[in-house]
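**Q** What follows is a single structure, and I will ask about it in a moment.
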Amino acid sequence: MASPLTFDPSVVELFIALISGASLLIVPNPIKMMPLKLSAALFHRHRVTVLQATPTFLRRFGAQLKSTVLSASTSLRVLALGGEAFPALNVLRSWKGRENKTHVFNLYGITEVSSWATCYRIPEEVLSSDLRFDSPVPLGSPLLGTTVEVRDATGSAVLDGEGQVFIGGKERICFLDDEVIVPSNTMRETGDFVRVKDAEMFFLGRKDSQIKRHGKRLNIECVQQAAEGLCHVETCAVIWYQQKKLILFVVPKDNLARDTLKELQKHLPTYAIPDELVLIETLPFTLHGKIDVSELSKIYSNHLNSRRHDSKLSGAEELWERLQYLWKSLLSLPDDSPSISKDSLFLYSGGDSLKSLRFHDEIENLAGKAIPGLLEVILSSSIAQVYQHVLKAVFPSEDQMNHNTVKRTLTENSGGEFHGEHTQSKSRRYFNAAAGLVAFIALNRGNRMLSMTSPESLMNPFNAGQAGTKLRQASYSSAVTSNTMKYEVTENKSGKISPEIARKANEIGTRSVEQAPSEETLLKMPEKLILHVRWKSNMGKCVDASPLVIIPAMDDLSATVYVGSHSHTMQAIDLYSGKIKWERILGDRIESSACVSKCGNFIIVGCYNGLVYVLGSQNGEIHCIFTTEDAVKSSAVVHPSTGLVYIGSHDQHIYALDIYKKERVWKLHCEGGAVFSSPYLSILPDHLYVATLGGLLLAVNPDTGNKIWKSSCGKPLFSSPHCSEQYVCIGCVDGNVHCFSHSGEKVWQFSTSGPVFSSPCISSLIKQEIYFGSHDCFIYCCNMEGNLLWKFETSSSVYATPFVFHSHDLESETLLAATSTDGTVWVLNAKTGLVAGVEKLPGEVFSSPVVCGSKLVVGCRNDYVYCLDLCIAEKTRTTKMC
């Protein structure tokens, strides 16, 4: 009798023994806690033949499992395991001694419906120690009088696929809680999920053991099974500590168990690797023989407190040593490997976003306090800069005193550039919208434009607009004019900018660009610009999404800015007045940019809750909602001919949606990880380009969802692809911008000194040059051959995508708008990289700017979205815009 009387299997154990005429061995609880004594009592003194237990109870026997419990000479005839997930077959084989003949059963059921409901006997050939294949173990067939069904989320029966188990019985009724009447054939929800295949059910996990970690759904029981299968692990358990950290507890077989996390990297995806390994002598159990999760949480909490007490930093030099140790540990480098170079970047050295988060947590544990801005420094800066950031937070008084001392211990690295070859250009193909559609132009980050022009309103693409907004003929790079106004500038904004930024703004010379411009070029420089805040709109929380600006063809309709924020809020704002036209609260954080439908009547935006919302562009009313399996941070793109909407999800799929029929046309698994970036639709050739956090760039048929080609960039792709007539380009966290032909051949790559999260902006205004930012604090301009034309040093890392524009209002050369993460908005001459204007916003900026005429719109992490007027600065400080 392994179960206490408070655990429902005890009823089965008691009455099965009595009706079979068998003896029932009841062992005192203290004996159950002593493996050697328990083994001796069960299998030497009393020769037990049938044992029903949880896998956790069985693991208590440790080394006695193979030598006694499941040895060749054991008295045990039947071993029935239930109450928890069945152990992996390779683990079960490791428990069985050679020539052992014990019959092993998998039992499944729930307390609410009379304990056991199904039973499966493991075939002897599967358990043979000579057979090394691994396969899942079915739950088995229903017991007499029991009905088992598998249903999906809609309540429909599942005959092939995944669903939740429901259990009931035609003649047997179980009363729960205060129930006094229960209809016959009542089916109870189990909270257990299974996969049905060939009429068999295979356990996937409980609802309460399903967690969401790093944007992925994860069953912690799978992590435990993988760890348990490692040869250095005696037994183990996994907990989701405070719903923040995945902790693996291991009872080790030998000293090599400390390498368990490294070994797990060979068997589990990155997002499933536990945050920390804790070695313990024995696992704590409940009275029911299951792992005591609350006790494990206490053990880990005590472990943290002890570690904080023991790991108090004595000074700056120890901090540097501990950072080196953590760096090597997280990147699986040997302890005796050379010291980390001061210029080493975590993402360059083999790290990824998940390891960066672990590095962040370990540093904060080491410091014993939260360190604002630390994750951004880890992702974008060298280990020396990480050290300086932590030093300022932990030892502010020692920062300057120890800087030079530690600096002398660091070594230096250098990097190079790679330039490829140029391919002959093809003719560009433009498109017109079908007749009868609302005419508009939609502007999004990186010069992405959707232009829908009805035949009756076609205009010359080079006509300047009159008062009011005018629409131009369809073109990806058309400039958009805006209505104009006169006002006086009474104060120079540069007084609010830091000295460093002011220096750069006033610096028209060789230091701000890679190569000094010629005298002829300087003569063509535009007038200096002043960036004046026209309006700002409070969105409640950080605005990381980039704005969408829609300019209607009708003169009596104003342009509208659509943007979302971390507060779950989506706003439609009048571009000129800043008045909120409508506001809609969605189900979770919004980080993706909105997209407009082909007809202009809807906007589409993804959300952290895994939903894609289709909202009325005029009123924000929900038209329909599409479901994905994970967070949607990708921005949608619409096909100008079919009207299909394409969007990626962290569930590793790209979706094609018909918002008019309210149905999903196709979805494609992208293999290479979550889709964070936005897809890009090429019209000629007709390709949809998709990038993944696994480093894959895929070309997909937008009509069918079939893969055309794929190429690996080796490191995560947070950047979105962008196309010219010849090429498709994308940035990578390895610091490179990769360029491919439309048939998938690698053409060239350009190297920067920091990860590239910025998406390339390709402009046809200036010979189709490529603009992008890097975490090395530079904005780059390359030609289509991959050669550097100029680069401009900003005041901090550049995460956002630049925007090229030419405004007749400003009577200037073609300009480039860009932002750096410290909140600085830069306007550069797009040909030379020289500063034309600059403004500092009061918060970090990860949103990409969008420019419409002389108005720049961008989100900020101070909870506001801003509209800035770009004004020509005259000597009289008076701006007159025609």
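We label chains A, B, ... in the order they appear in the structure tokens, count residues from 1 in each chain, and number ligands from 1 in the order shown.
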I need the alpha helix (DSSP H) residues of segment 503-693 of chain A per DSSP on the backbone, written as a CSV table (one decimal) with N, CA, C and O atoms, in the first residue's frame.
**A**
```csv
chain,number,residue,atom,x,y,z
A,503,ARG,N,27.3,69.3,-30.3
A,503,ARG,CA,28.5,69.3,-31.1
A,503,ARG,C,28.3,68.6,-32.4
A,503,ARG,O,28.8,69.1,-33.5
A,504,LYS,N,27.6,67.4,-32.4
A,504,LYS,CA,27.4,66.7,-33.6
A,504,LYS,C,26.5,67.5,-34.6
A,504,LYS,O,26.6,67.5,-35.8
A,505,ALA,N,25.5,68.2,-34.0
A,505,ALA,CA,24.5,68.9,-34.8
A,505,ALA,C,25.2,70.1,-35.5
A,505,ALA,O,24.9,70.4,-36.7
A,506,ASN,N,26.2,70.7,-34.9
A,506,ASN,CA,26.9,71.8,-35.5
A,506,ASN,C,28.2,71.4,-36.2
A,506,ASN,O,28.8,72.3,-36.8
A,519,GLU,N,34.0,70.1,-52.0
A,519,GLU,CA,33.5,71.5,-51.9
A,519,GLU,C,32.2,71.7,-52.7
A,519,GLU,O,31.3,72.4,-52.2
A,520,GLU,N,32.1,71.0,-53.8
A,520,GLU,CA,30.9,71.1,-54.6
A,520,GLU,C,29.7,70.5,-53.8
A,520,GLU,O,28.6,71.1,-53.8
A,521,THR,N,29.9,69.5,-53.1
A,521,THR,CA,28.8,68.9,-52.3
A,521,THR,C,28.4,69.8,-51.2
A,521,THR,O,27.2,70.0,-50.9
A,522,LEU,N,29.4,70.4,-50.5
A,522,LEU,CA,29.1,71.3,-49.4
A,522,LEU,C,28.2,72.5,-49.9
A,522,LEU,O,27.4,73.0,-49.1
A,523,LEU,N,28.5,73.0,-51.1
A,523,LEU,CA,27.7,74.1,-51.6
A,523,LEU,C,26.2,73.7,-51.8
A,523,LEU,O,25.4,74.6,-51.8
```
**Q** Quick one: of A:Val638, A:Ile604, A:Leu657, A:Val390, who's nearest to Tyr680 of chain A, counting only C-alpha atoms?
**A**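 Residue with the minimum atom-to-atom distance to Tyr680 of chain A: A:Val638.
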**Q** So that I can check the surroundings of Leu856 of chain A, please list as a PyMOL selection string every protein, DNA and RNA residue that reaches within 7 Å of it, counting only C-alpha atoms and ignoring chain neighbours fewer than 6 positions away.
**A** chain A and resi 849-850+867-869
**Q** Any chance you could list, as a list in words, the residues in segment 207-275 of chain A that come up strand (DSSP E) when DSSP is run on the backbone?
**A** Gln210, Ile211, Lys212, Arg213, Lys216, Arg217, Leu218, Asn219, Val233, Glu234, Thr235, Cys236, Ala237, Val238, Ile239, Trp240, Tyr241, Lys245, Leu246, Ile247, Leu248, Phe249, Val250, Val251 and Pro252 of chain A
**Q** Determine, counting only C-alpha atoms, which protein, DNA and RNA residues have an atom within 12 Å of an atom of Arg358 of chain A; residues of the same chain fewer than 2 positions away are not included. Present the result as a ChimeraX atom specification.
**A** /A:214,244-246,270-271,273-276,326-327,329-331,346,351-356,360-365,374-375,378-379
**Q** Atom CA of Gly578 of chain A and atom CA of Ile551 of chain A are how many Å apart?
**A**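 Between these atoms lies a distance of 14.7 Å.
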**Q** Would you kindly return, as a list in words, each protein, DNA or RNA residue with an atom no farther than 7 Å from any atom of segment 528-537 of chain A, considering only C-alpha atoms and excluding same-chain residues fewer than 6 positions away?
**A** Gly578, Ala836, Gly837, Val838, Glu839, Tyr864, Val865, Tyr866, Cys867, Leu868, Asp869, Leu870, Cys871, Ile872 and Ala873 of chain A
**Q** Please provide the set of residues having any atom within 7 Å of segment 587-597 of chain A, restricted to only C-alpha atoms, with same-chain residues fewer than 6 positions apart removed, written as a PyMOL selection string.
**A** chain A and resi 544-548+562-568+603-609+633-638+643
**Q** Would you mind listing what lies within 9 Å of Val293 of chain A as a list in words, with only C-alpha atoms counted and same-chain residues fewer than 6 positions away left out?
**A**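 Here the qualifying residues turn out to be Ala237, Val238, Ile239, Pro284, Phe285 and Thr286 of chain A.
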**Q** Take the selection from the previous step and output its residues with C-alpha atoms, as a CSV table (one decimal), in the first residue's frame.
**A**
```csv
chain,number,residue,atom,x,y,z
A,237,ALA,CA,12.6,17.9,-10.7
A,238,VAL,CA,11.8,21.1,-12.4
A,239,ILE,CA,9.8,24.1,-11.1
A,284,PRO,CA,11.2,16.3,-1.1
A,285,PHE,CA,7.9,14.4,-1.5
A,286,THR,CA,4.3,15.0,-0.4
```
